[in-house]
Structure formats: structure tokens, C-alpha cells
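Data from model.cif: mmCIF, C-alpha atoms
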```cif
data_structure
loop_
_atom_site.label_atom_id
_atom_site.label_comp_id
_atom_site.auth_asym_id
_atom_site.auth_seq_id
_atom_site.Cartn_x
_atom_site.Cartn_y
_atom_site.Cartn_z
CA MET A 58 -6.44 -186.64 10.77
CA ILE A 59 -6.91 -183.06 11.95
CA SER A 60 -4.00 -180.64 11.58
CA VAL A 61 -3.98 -177.85 14.15
CA ILE A 62 -2.01 -174.94 12.68
CA ILE A 63 -0.62 -172.33 15.06
CA PRO A 64 1.05 -169.19 13.68
CA LEU A 65 3.57 -168.06 16.27
CA TYR A 66 4.98 -164.58 16.74
CA ASN A 67 6.29 -163.42 20.13
CA LYS A 68 3.90 -165.32 22.39
CA GLU A 69 6.45 -166.48 24.96
CA PRO A 70 4.15 -166.00 27.99
CA ILE A 71 1.26 -168.07 26.58
CA ILE A 72 2.40 -170.53 23.85
CA GLU A 73 3.01 -173.42 26.24
CA ARG A 74 -0.49 -173.11 27.68
CA SER A 75 -1.98 -172.95 24.20
CA LEU A 76 -0.06 -176.05 23.09
CA GLN A 77 -0.98 -177.99 26.23
CA SER A 78 -4.67 -177.30 25.53
CA VAL A 79 -4.23 -179.14 22.22
CA LEU A 80 -1.92 -181.91 23.45
CA SER A 81 -4.33 -182.78 26.29
CA GLN A 82 -7.18 -183.57 23.89
CA ASP A 83 -8.73 -187.02 24.34
CA TYR A 84 -8.74 -187.47 20.57
CA ASP A 85 -5.44 -188.76 19.20
CA ASP A 86 -5.56 -188.52 15.38
CA PHE A 87 -4.08 -185.03 15.12
CA GLU A 88 -0.87 -183.13 14.59
CA VAL A 89 0.18 -179.62 15.60
CA VAL A 90 2.01 -177.54 13.01
CA VAL A 91 3.55 -174.49 14.67
CA VAL A 92 4.88 -171.90 12.24
CA ASN A 93 7.35 -169.58 13.95
CA ASP A 94 6.96 -166.35 12.02
CA GLY A 95 10.29 -164.77 12.97
CA SER A 96 9.71 -164.45 16.72
CA THR A 97 12.30 -162.37 18.55
CA ASP A 98 11.51 -163.75 22.01
CA ARG A 99 11.82 -167.31 23.40
CA SER A 100 8.56 -168.57 21.85
CA ALA A 101 10.22 -171.08 19.51
CA ASP A 102 12.50 -172.33 22.30
CA ILE A 103 9.44 -173.11 24.42
CA VAL A 104 7.89 -175.08 21.55
CA ARG A 105 11.16 -177.01 21.05
CA SER A 106 11.27 -177.84 24.77
CA ILE A 107 7.96 -179.72 24.58
CA ASN A 108 8.99 -183.21 23.59
CA ASP A 109 5.94 -184.50 21.75
CA PRO A 110 6.08 -186.17 18.32
CA ARG A 111 2.72 -184.63 17.37
CA ILE A 112 4.32 -181.16 17.24
CA ARG A 113 6.23 -179.94 14.20
CA LEU A 114 7.93 -176.54 14.32
CA ILE A 115 8.52 -174.73 11.05
CA GLU A 116 10.70 -171.61 10.99
CA GLN A 117 10.28 -168.70 8.58
CA GLU A 118 11.12 -165.01 8.40
CA ASN A 119 8.39 -162.70 9.58
CA GLY A 120 5.70 -162.44 6.96
CA GLY A 121 2.57 -162.01 9.06
CA PRO A 122 -0.20 -164.36 10.19
CA SER A 123 -1.56 -164.98 6.68
CA LYS A 124 1.79 -166.23 5.42
CA ALA A 125 2.30 -168.33 8.57
CA ARG A 126 -1.11 -169.97 8.16
CA ASN A 127 -0.48 -170.66 4.47
CA THR A 128 2.90 -172.23 5.35
CA GLY A 129 1.14 -174.39 7.92
CA VAL A 130 -1.41 -175.60 5.36
CA LYS A 131 1.35 -176.46 2.87
CA ASN A 132 3.01 -178.61 5.54
CA ALA A 133 -0.13 -180.15 7.06
CA LYS A 134 -0.73 -183.88 6.75
CA GLY A 135 -4.37 -183.90 7.90
CA GLU A 136 -7.50 -183.93 5.78
CA TRP A 137 -9.02 -181.30 8.08
CA ILE A 138 -7.48 -178.03 9.28
CA LEU A 139 -8.09 -176.04 12.46
CA PHE A 140 -6.31 -172.70 12.87
CA LEU A 141 -5.54 -171.81 16.47
CA ASP A 142 -3.93 -168.53 17.47
CA ALA A 143 -0.91 -168.87 19.75
CA ASP A 144 -2.71 -167.04 22.56
CA ASP A 145 -5.93 -169.10 22.40
CA GLU A 146 -6.85 -172.32 24.18
CA MET A 147 -8.84 -175.28 22.96
CA LEU A 148 -11.44 -176.70 25.33
CA SER A 149 -11.09 -180.37 26.24
CA GLY A 150 -13.00 -182.68 23.92
CA ALA A 151 -12.96 -180.22 21.02
CA LEU A 152 -11.13 -182.40 18.49
CA ASP A 153 -13.20 -185.48 19.35
CA PHE A 154 -16.37 -183.41 18.98
CA PHE A 155 -15.32 -182.09 15.56
CA SER A 156 -14.26 -185.58 14.46
CA LYS A 157 -17.71 -186.97 15.24
CA LYS A 158 -19.39 -184.15 13.28
CA ILE A 159 -17.04 -184.77 10.32
CA GLN A 160 -17.93 -188.46 10.30
CA LYS A 161 -21.67 -187.82 10.61
CA TYR A 162 -22.03 -184.99 8.07
CA THR A 163 -19.69 -186.08 5.29
CA ASP A 164 -20.92 -183.49 2.76
CA VAL A 165 -20.17 -180.45 4.97
CA ASP A 166 -17.00 -178.39 4.34
CA MET A 167 -16.69 -176.35 7.57
CA PHE A 168 -17.84 -176.95 11.14
CA LEU A 169 -18.08 -173.93 13.43
CA GLY A 170 -18.21 -174.27 17.21
CA GLU A 171 -19.32 -171.64 19.66
CA VAL A 172 -16.58 -169.51 21.17
CA ILE A 173 -16.02 -168.56 24.78
CA VAL A 174 -14.57 -165.09 25.22
CA ASN A 175 -12.45 -164.18 28.22
CA ASN A 176 -12.15 -160.43 28.56
CA GLY A 177 -9.97 -160.67 31.65
CA LYS A 178 -12.94 -160.36 33.99
CA ALA A 179 -15.29 -163.19 33.11
CA GLU A 180 -15.87 -165.79 30.46
CA HIS A 181 -18.99 -165.66 28.37
CA LEU A 182 -20.40 -167.29 25.26
CA ALA A 183 -20.02 -165.00 22.24
CA ILE A 184 -23.13 -166.33 20.46
CA GLU A 185 -25.39 -169.32 21.09
CA TYR A 186 -25.85 -171.20 17.83
CA LYS A 187 -28.84 -172.99 16.44
CA GLU A 188 -27.38 -176.37 15.39
CA GLY A 189 -27.28 -177.19 11.67
CA VAL A 190 -26.22 -176.14 8.20
CA VAL A 191 -26.47 -172.40 7.58
CA SER A 192 -28.47 -171.60 4.45
CA ASN A 193 -27.10 -168.05 4.11
CA PRO A 194 -23.85 -167.51 6.04
CA PHE A 195 -23.55 -163.87 4.86
CA LYS A 196 -26.94 -163.02 6.34
CA ALA A 197 -26.24 -164.95 9.54
CA HIS A 198 -22.90 -163.15 9.91
CA VAL A 199 -24.35 -159.66 9.32
CA PHE A 200 -27.21 -160.27 11.76
CA GLY A 201 -24.83 -161.55 14.43
CA ARG A 202 -25.99 -165.17 14.35
CA LEU A 203 -22.48 -166.52 13.82
CA PHE A 204 -19.05 -165.45 14.98
CA GLN A 205 -16.35 -167.13 12.96
CA CYS A 206 -12.71 -166.64 13.92
CA SER A 207 -9.52 -168.64 14.39
CA GLY A 208 -9.84 -171.59 16.69
CA THR A 209 -13.58 -172.07 16.27
CA THR A 210 -13.71 -173.78 12.89
CA VAL A 211 -12.44 -176.96 11.33
CA TYR A 212 -12.09 -176.81 7.52
CA ARG A 213 -11.79 -179.47 4.85
CA LYS A 214 -8.14 -179.17 3.76
CA THR A 215 -8.98 -178.92 0.07
CA ILE A 216 -10.92 -175.69 0.57
CA VAL A 217 -8.12 -173.97 2.48
CA GLU A 218 -5.62 -175.08 -0.18
CA GLU A 219 -7.83 -173.64 -2.92
CA ASN A 220 -8.47 -170.44 -0.92
CA PRO A 221 -5.25 -169.38 0.82
CA PHE A 222 -5.01 -166.35 3.06
CA ASP A 223 -4.09 -163.13 1.27
CA GLU A 224 -0.53 -162.56 2.52
CA ARG A 225 -0.84 -158.80 2.05
CA VAL A 226 -3.47 -158.74 4.82
CA ARG A 227 -2.04 -158.71 8.36
CA ARG A 228 -5.16 -157.91 10.39
CA TYR A 229 -8.59 -159.49 10.19
CA GLU A 230 -7.19 -161.86 7.59
CA ASP A 231 -9.51 -164.62 8.78
CA LEU A 232 -12.60 -162.47 8.11
CA GLN A 233 -11.34 -161.39 4.71
CA ARG A 234 -10.94 -165.03 3.67
CA ILE A 235 -14.09 -166.40 5.29
CA PHE A 236 -16.30 -164.23 3.09
CA LYS A 237 -14.79 -165.99 0.07
CA LEU A 238 -15.57 -169.37 1.59
CA TYR A 239 -19.19 -168.45 2.33
CA ARG A 240 -19.84 -168.18 -1.42
CA LYS A 241 -18.94 -171.76 -2.27
CA TYR A 242 -18.85 -174.05 0.75
CA SER A 243 -21.25 -175.44 3.34
CA LEU A 244 -21.02 -174.35 6.97
CA TYR A 245 -22.44 -176.30 9.90
CA LEU A 246 -23.02 -174.52 13.22
CA CYS A 247 -22.33 -176.62 16.30
CA HIS A 248 -24.17 -175.79 19.51
CA LYS A 249 -21.11 -176.38 21.69
CA PRO A 250 -18.11 -174.21 22.57
#
```
In C-alpha cells, write the structure found in this file.
Amino acid sequence: MISVIIPLYNKEPIIERSLQSVLSQDYDDFEVVVVNDGSTDRSADIVRSINDPRIRLIEQENGGPSKARNTGVKNAKGEWILFLDADDEMLSGALDFFSKKIQKYTDVDMFLGEVIVNNGKAEHLAIEYKEGVVSNPFKAHVFGRLFQCSGTTVYRKTIVEENPFDERVRRYEDLQRIFKLYRKYSLYLCHKP
């Protein structure tokens, strides 16, 4: 099972669209753990209004995205974790694609897909990956050969449990943590957004 964890804070205009991008996946062995991090708008109400047993809403006081992601991991049932920001969308077929990679490359800890960026004018591919295991993720990152951020990577649950987000960090928390993961775990680049 893949657990999609969505930290939620004041994303009323977009959360339904984000959730629908996950719920419309053609892969069915997943759950969505939405952690409402003290939203002051109607975000949580919108999540509650979507009647789907695959969604679980967890409420907490505002503690920032790192705390919300850690809460999601603690409550996740899946063996694999994908973090999706509440204002991002998942392309159709994404979970099925990751599932097939997980089954084929059983010794890999993280699978990174390409990301499509929408700057409000046009969509474009952030980076085009060369498929396969990265021998030196630090070097690939520094030289711009990989772009790892929320929504693009599925992680083995054990590694995110052993390496939680630093809850003191409220911006770029995903980058701060990913550098820790590069030291110990294998990363596979997938040539597909």
C-alpha cells in the first residue's frame, strides 16, 4: 500500500482539486492521510465533504509542514509514503507507475519521478532524467540533474520513520531532510513525470 500524505493549511481554493487528482488514480491500493495543520479557512470542511473511505483527516494545532508530515507518517498504514502538497496535483497513472517500479526494483529505497512545473503561463518539465539508480545523489543534485521535492518521490516507510522532518524547519524542510537521506539510501530516477 502507498500512503499519500497531504499537509493542509489554508488551501481552501485548491484542496479539492488536489485530492481528486489522487482519488482518480487507476491504482487502488492507497490511502490519503490529510493532516489539517490548524487551518483557519474552510479547507478541512472541504476534505470532510468528500465521502471516500480512502481519505483520513487528522486535526492538529498549527505546527508547520514538518510537523504535519511527521503526524501523517505516524498515522500511515502503507509500506510506501508519498508526500503531496495541498496545492499540487498528481498526474493520472502516477501511483500505478510507482507501484510497478517498487515491485521491479525491490532493493531501492526512493523512486523519484520527473516534475512538471506550471508557472501560470505554461507547463514545462523541470528536468529530464536519465533512468536508473543514482550513484552520487549529492553530485546529481548540485549539478542540476535531479530536482527532488514533495509530490515527486515515493519513499520506503521505514526510512521516513527513521528520518523524520525537523519540526523547527518551516521552509525548505523537504530539502533539509533529503540531504540526510542521500547519505544512506538508494535513489532511482524515473524518466516519467
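Residues within 10 Å of Tyr239 (chain A), counting only C-alpha atoms and excluding same-chain residues fewer than 3 positions away, are Met167, Val191, Asn193, Pro194, Phe195, His198, Arg234, Ile235, Phe236, Tyr242, Ser243 and Leu244 of chain A.
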Kindly resolve the PyMOL selection byres ((chain A and resi 81-89) around 9) on the present coordinates and return the residues as a ChimeraX atom specification. /A:58-63,76-80,90-91,110-114,133-135,147-154,156
Would you mind listing what lies within 8 Å of Ser75 (chain A) as a PDB file with C-alpha atoms, in the frame of the given file, with all atoms listed in the file counted and same-chain residues fewer than 6 positions away left out?
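Heads up, here's the output in out-v4.pdb:
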```pdb
ATOM      1  CA  ALA A 143      -0.910-168.870  19.750  1.00  0.00           C
ATOM      2  CA  ASP A 144      -2.710-167.040  22.560  1.00  0.00           C
ATOM      3  CA  ASP A 145      -5.930-169.100  22.400  1.00  0.00           C
ATOM      4  CA  GLU A 146      -6.850-172.320  24.180  1.00  0.00           C
ATOM      5  CA  MET A 147      -8.840-175.280  22.960  1.00  0.00           C
TER       6      MET A 147
END
```
For Lys124 (chain A), please output as number ranges by chain all residues within 8 Å (counting all atoms listed in the file; exclusion window: fewer than 4 positions along the same chain). A: 120, 128, 222-224
Given the PyMOL selection byres ((chain A and resi 200-207) around 8) and the file above, list the residues it selects as a PyMOL selection string. chain A and resi 139-142+169+171-172+183-186+194+196-199+208-210+231-232
